[in-house]
>>> print(open('model.pdb').read())   # PDB, C-alpha atoms and all ligand atoms
ATOM      1  CA  MET W1198     148.426  89.723 156.700  1.00  0.00           C
ATOM      2  CA  ASP W1199     147.097  88.822 160.099  1.00  0.00           C
ATOM      3  CA  ASN W1200     147.076  91.041 163.158  1.00  0.00           C
ATOM      4  CA  ILE W1201     148.228  89.180 166.242  1.00  0.00           C
ATOM      5  CA  SER W1202     147.200  91.344 169.164  1.00  0.00           C
ATOM      6  CA  GLN W1203     148.760  89.245 171.893  1.00  0.00           C
ATOM      7  CA  SER W1204     151.838  87.114 172.074  1.00  0.00           C
ATOM      8  CA  SER W1205     153.523  85.077 174.716  1.00  0.00           C
ATOM      9  CA  ASN W1206     156.807  86.770 173.847  1.00  0.00           C
ATOM     10  CA  SER W1207     158.071  89.928 175.486  1.00  0.00           C
ATOM     11  CA  PRO W1208     160.461  91.476 172.975  1.00  0.00           C
ATOM     12  CA  ALA W1209     162.916  94.185 173.826  1.00  0.00           C
ATOM     13  CA  THR W1210     161.384  97.556 174.457  1.00  0.00           C
ATOM     14  CA  PRO W1211     161.921 100.326 171.898  1.00  0.00           C
ATOM     15  CA  PRO W1212     164.770 102.747 172.322  1.00  0.00           C
ATOM     16  CA  ALA W1213     163.874 105.770 174.418  1.00  0.00           C
ATOM     17  CA  GLU W1214     164.650 108.212 171.607  1.00  0.00           C
ATOM     18  CA  SER W1215     161.970 106.758 169.332  1.00  0.00           C
ATOM     19  CA  PRO W1216     158.403 106.462 170.596  1.00  0.00           C
ATOM     20  CA  LYS W1217     157.304 104.249 167.725  1.00  0.00           C
ATOM     21  CA  CYS W1218     159.328 101.413 166.217  1.00  0.00           C
ATOM     22  CA  VAL W1219     158.745  98.802 163.571  1.00  0.00           C
ATOM     23  CA  ARG W1220     160.632  95.536 163.967  1.00  0.00           C
ATOM     24  CA  VAL W1221     160.747  93.133 161.033  1.00  0.00           C
ATOM     25  CA  CYS W1222     162.121  89.700 161.844  1.00  0.00           C
ATOM     26  CA  GLN W1223     165.095  88.842 159.660  1.00  0.00           C
ATOM     27  CA  ASN W1224     165.845  85.452 161.124  1.00  0.00           C
ATOM     28  CA  ARG W1225     166.097  82.401 158.892  1.00  0.00           C
ATOM     29  CA  THR W1226     162.471  81.231 158.768  1.00  0.00           C
ATOM     30  CA  CYS W1227     161.027  84.684 158.156  1.00  0.00           C
ATOM     31  CA  ARG W1228     163.703  85.399 155.556  1.00  0.00           C
ATOM     32  CA  LYS W1229     162.651  82.271 153.668  1.00  0.00           C
ATOM     33  CA  GLN W1230     159.146  83.734 153.674  1.00  0.00           C
ATOM     34  CA  GLY W1231     160.213  87.076 152.194  1.00  0.00           C
ATOM     35  CA  ALA W1232     161.089  89.158 155.258  1.00  0.00           C
ATOM     36  CA  ALA W1233     163.905  91.014 153.492  1.00  0.00           C
ATOM     37  CA  LYS W1234     161.430  92.403 150.957  1.00  0.00           C
ATOM     38  CA  VAL W1235     159.041  93.356 153.752  1.00  0.00           C
ATOM     39  CA  LEU W1236     161.809  95.238 155.552  1.00  0.00           C
ATOM     40  CA  ALA W1237     162.785  96.982 152.305  1.00  0.00           C
ATOM     41  CA  ALA W1238     159.157  97.977 151.747  1.00  0.00           C
ATOM     42  CA  PHE W1239     158.996  99.551 155.224  1.00  0.00           C
ATOM     43  CA  GLU W1240     162.303 101.346 154.672  1.00  0.00           C
ATOM     44  CA  ALA W1241     160.932 102.783 151.433  1.00  0.00           C
ATOM     45  CA  GLN W1242     158.042 104.425 153.276  1.00  0.00           C
ATOM     46  CA  PRO W1243     158.572 108.112 154.075  1.00  0.00           C
ATOM     47  CA  PHE W1244     157.871 108.326 157.796  1.00  0.00           C
ATOM     48  CA  PRO W1245     161.050 109.497 159.536  1.00  0.00           C
ATOM     49  CA  GLU W1246     159.376 109.744 162.941  1.00  0.00           C
ATOM     50  CA  VAL W1247     159.212 105.919 163.100  1.00  0.00           C
ATOM     51  CA  SER W1248     162.325 103.775 163.322  1.00  0.00           C
ATOM     52  CA  VAL W1249     162.340 100.643 161.183  1.00  0.00           C
ATOM     53  CA  THR W1250     164.814  97.866 161.873  1.00  0.00           C
ATOM     54  CA  GLY W1251     165.346  94.240 161.163  1.00  0.00           C
ATOM     55  CA  CYS W1252     165.573  92.040 164.231  1.00  0.00           C
ATOM     56  CA  GLY W1253     166.214  88.502 165.334  1.00  0.00           C
ATOM     57  CA  CYS W1254     163.614  85.805 165.824  1.00  0.00           C
ATOM     58  CA  LEU W1255     160.449  87.052 167.498  1.00  0.00           C
ATOM     59  CA  GLY W1256     159.276  83.567 168.402  1.00  0.00           C
ATOM     60  CA  GLN W1257     156.500  83.389 165.832  1.00  0.00           C
ATOM     61  CA  CYS W1258     158.338  81.279 163.244  1.00  0.00           C
ATOM     62  CA  GLY W1259     156.032  79.661 160.737  1.00  0.00           C
ATOM     63  CA  ASN W1260     153.748  82.706 160.671  1.00  0.00           C
ATOM     64  CA  GLY W1261     156.250  84.982 159.016  1.00  0.00           C
ATOM     65  CA  PRO W1262     157.211  87.359 157.885  1.00  0.00           C
ATOM     66  CA  ILE W1263     156.512  88.774 161.332  1.00  0.00           C
ATOM     67  CA  VAL W1264     156.254  92.510 162.011  1.00  0.00           C
ATOM     68  CA  LEU W1265     156.064  93.953 165.508  1.00  0.00           C
ATOM     69  CA  ILE W1266     155.083  97.560 166.164  1.00  0.00           C
ATOM     70  CA  LEU W1267     156.215  99.102 169.430  1.00  0.00           C
ATOM     71  CA  PRO W1268     155.406 100.460 171.922  1.00  0.00           C
ATOM     72  CA  GLU W1269     151.864  99.152 171.320  1.00  0.00           C
ATOM     73  CA  ARG W1270     153.152  95.590 170.824  1.00  0.00           C
ATOM     74  CA  VAL W1271     150.909  94.981 167.848  1.00  0.00           C
ATOM     75  CA  TRP W1272     151.951  91.965 165.837  1.00  0.00           C
ATOM     76  CA  TYR W1273     151.361  91.313 162.162  1.00  0.00           C
ATOM     77  CA  SER W1274     151.975  87.903 160.657  1.00  0.00           C
ATOM     78  CA  ARG W1275     152.356  86.688 157.090  1.00  0.00           C
ATOM     79  CA  VAL W1276     153.030  90.233 155.936  1.00  0.00           C
ATOM     80  CA  HIS W1277     153.495  90.601 152.202  1.00  0.00           C
ATOM     81  CA  PRO W1278     155.546  93.504 150.829  1.00  0.00           C
ATOM     82  CA  SER W1279     152.515  94.722 148.887  1.00  0.00           C
ATOM     83  CA  GLU W1280     150.619  95.148 152.194  1.00  0.00           C
ATOM     84  CA  VAL W1281     153.209  97.383 153.844  1.00  0.00           C
ATOM     85  CA  ALA W1282     151.877 100.652 152.424  1.00  0.00           C
ATOM     86  CA  LEU W1283     148.384  99.842 153.732  1.00  0.00           C
ATOM     87  CA  LEU W1284     149.763  98.825 157.124  1.00  0.00           C
ATOM     88  CA  VAL W1285     151.705 102.084 157.368  1.00  0.00           C
ATOM     89  CA  GLU W1286     148.708 104.138 156.322  1.00  0.00           C
ATOM     90  CA  GLN W1287     146.261 102.456 158.700  1.00  0.00           C
ATOM     91  CA  HIS W1288     148.465 101.769 161.704  1.00  0.00           C
ATOM     92  CA  LEU W1289     151.311 104.254 161.700  1.00  0.00           C
ATOM     93  CA  ARG W1290     149.666 107.262 160.122  1.00  0.00           C
ATOM     94  CA  GLY W1291     146.009 106.642 160.836  1.00  0.00           C
ATOM     95  CA  GLY W1292     146.459 105.376 164.379  1.00  0.00           C
TER
HETATM   96  S1  LIG H1301     162.211  83.445 162.334  1.00  0.00           S
HETATM   97 FE1  LIG H1301     160.898  85.171 162.378  1.00  0.00          FE
HETATM   98  S2  LIG H1301     159.756  84.881 164.159  1.00  0.00           S
HETATM   99 FE2  LIG H1301     161.201  83.277 164.213  1.00  0.00          FE
END
>>> encode(input="model.pdb", output="structure tokens")
Amino acid sequence: MDNISQSSNSPATPPAESPKCVRVCQNRTCRKQGAAKVLAAFEAQPFPEVSVTGCGCLGQCGNGPIVLILPERVWYSRVHPSEVALLVEQHLRGG
């Protein structure tokens, strides 16, 4: 799992009702790299204050599965399902 702190993309902003959102690309290239399992791993985490959704291509194909955390716009690439719990603990719960 790599943390990509900056990207040339400007994805959609999170919905106003949720201050923190996790977007997991579910487009074709990321799905071939296991994005569905990554999304399922996030959905299995008990943190109702954060919305988790699949999304379309985030423009980082080839580095997937790609995860984007909003509103901070922190990117994670090559995320493996086994790393999701650590990512949640360190980024979403630990700040
Ligand atoms: S297919 Fe996931 S970033 Fe493009």
>>> residues_around(input="model.pdb", residues="Cys1254 (chain W)", least_positions_apart="6", cutoff="8 Å", atoms="only C-alpha atoms", output="compact mmCIF listing (two decimals) with C-alpha atoms, in the coordinates of the input")
# COMPACT_ATOMS: atom_id res chain seq x y z
CA CYS W 1222 162.12 89.70 161.84
CA GLN W 1223 165.10 88.84 159.66
CA ASN W 1224 165.84 85.45 161.12
>>> atom_distance(input="model.pdb", atom1="CA of Val1221 (chain W)", atom2="CA of Gly1291 (chain W)")
20.0 Å
>>> resolve_selection(input="model.pdb", expression="the PyMOL selection byres (((chain W and resi 1225) around 12) and not hetatm)", output="ChimeraX atom specification")
/W:1222-1224,1226-1233,1252-1259,1261-1263
>>> axis_aligned_box(input="model.pdb", around="region 1227-1242 of chain W", padding_each_side="5 Å", output="JSON")
{"center_x": 161.0, "center_y": 93.3, "center_z": 154.6, "size_x": 15.9, "size_y": 32.2, "size_z": 17.2}
>>> atom_distance(input="model.pdb", atom1="CA of Met1198 (chain W)", atom2="CA of Val1276 (chain W)")
4.7 Å
>>> closest_residue(input="model.pdb", among="W:Leu1265, W:Ala1282, W:Val1271, W:Leu1289", to="ligand LIG 1301 (chain H)", atoms="all atoms listed in the file")
W:Leu1265
>>> closest_residue(input="model.pdb", among="W:Asn1260, W:Tyr1273, W:Val1281, W:Val1219", to="Ala1241 (chain W)", atoms="all atoms listed in the file")
W:Val1281
>>> atom_distance(input="model.pdb", atom1="CA of Gln1242 (chain W)", atom2="atom FE2 of ligand LIG 1301 (chain H)")
24.0 Å
>>> residues_around(input="model.pdb", residues="region 1267-1270 of chain W", least_positions_apart="5", cutoff="7 Å", atoms="all atoms listed in the file", output="ChimeraX atom specification")
/W:1211,1216-1219
>>> closest_residue(input="model.pdb", among="W:Arg1275, W:Pro1243, W:Leu1283, W:His1288", to="ligand LIG 1301 (chain H)", atoms="only C-alpha atoms and all ligand atoms")
W:Arg1275
>>> closest_residue(input="model.pdb", among="W:Ala1237, W:Ser1274, W:Asp1199, W:Leu1284", to="ligand LIG 1301 (chain H)", atoms="all atoms listed in the file")
W:Ser1274
>>> closest_residue(input="model.pdb", among="W:Ile1266, W:Ser1279, W:Val1285, W:Thr1250", to="Leu1236 (chain W)", atoms="all atoms listed in the file")
W:Thr1250
>>> closest_residue(input="model.pdb", among="W:His1277, W:Gly1251, W:Pro1245, W:Trp1272", to="Arg1290 (chain W)", atoms="only C-alpha atoms")
W:Pro1245
>>> build_atoms(input="model.pdb", residues="region 1238-1250 of chain W", atoms="N, CA and C atoms", output="mmCIF file, keeping the file's coordinate frame")
data_model
loop_
_atom_site.group_PDB
_atom_site.id
_atom_site.type_symbol
_atom_site.label_atom_id
_atom_site.label_comp_id
_atom_site.auth_asym_id
_atom_site.auth_seq_id
_atom_site.Cartn_x
_atom_site.Cartn_y
_atom_site.Cartn_z
ATOM 1 N N ALA W 1238 160.389 97.221 152.013
ATOM 2 C CA ALA W 1238 159.157 97.977 151.747
ATOM 3 C C ALA W 1238 158.897 98.985 152.867
ATOM 4 N N PHE W 1239 159.149 98.593 154.118
ATOM 5 C CA PHE W 1239 158.996 99.551 155.224
ATOM 6 C C PHE W 1239 160.013 100.675 155.097
ATOM 7 N N GLU W 1240 161.253 100.322 154.774
ATOM 8 C CA GLU W 1240 162.303 101.346 154.672
ATOM 9 C C GLU W 1240 162.031 102.324 153.541
ATOM 10 N N ALA W 1241 161.256 101.904 152.562
ATOM 11 C CA ALA W 1241 160.932 102.783 151.433
ATOM 12 C C ALA W 1241 159.810 103.756 151.762
ATOM 13 N N GLN W 1242 159.148 103.550 152.893
ATOM 14 C CA GLN W 1242 158.042 104.425 153.276
ATOM 15 C C GLN W 1242 158.585 105.699 153.918
ATOM 16 N N PRO W 1243 158.083 106.849 153.518
ATOM 17 C CA PRO W 1243 158.572 108.112 154.075
ATOM 18 C C PRO W 1243 157.894 108.474 155.399
ATOM 19 N N PHE W 1244 158.381 107.923 156.478
ATOM 20 C CA PHE W 1244 157.871 108.326 157.796
ATOM 21 C C PHE W 1244 159.043 108.339 158.773
ATOM 22 N N PRO W 1245 159.817 109.421 158.744
ATOM 23 C CA PRO W 1245 161.050 109.497 159.536
ATOM 24 C C PRO W 1245 160.826 109.482 161.049
ATOM 25 N N GLU W 1246 159.638 109.740 161.505
ATOM 26 C CA GLU W 1246 159.376 109.744 162.941
ATOM 27 C C GLU W 1246 159.282 108.328 163.520
ATOM 28 N N VAL W 1247 159.296 107.314 162.668
ATOM 29 C CA VAL W 1247 159.212 105.919 163.100
ATOM 30 C C VAL W 1247 160.506 105.215 162.706
ATOM 31 N N SER W 1248 161.117 104.525 163.661
ATOM 32 C CA SER W 1248 162.325 103.775 163.322
ATOM 33 C C SER W 1248 161.940 102.382 162.834
ATOM 34 N N VAL W 1249 162.590 101.958 161.779
ATOM 35 C CA VAL W 1249 162.340 100.643 161.183
ATOM 36 C C VAL W 1249 163.642 99.866 161.220
ATOM 37 N N THR W 1250 163.606 98.684 161.811
ATOM 38 C CA THR W 1250 164.814 97.866 161.873
ATOM 39 C C THR W 1250 164.474 96.394 161.686
#
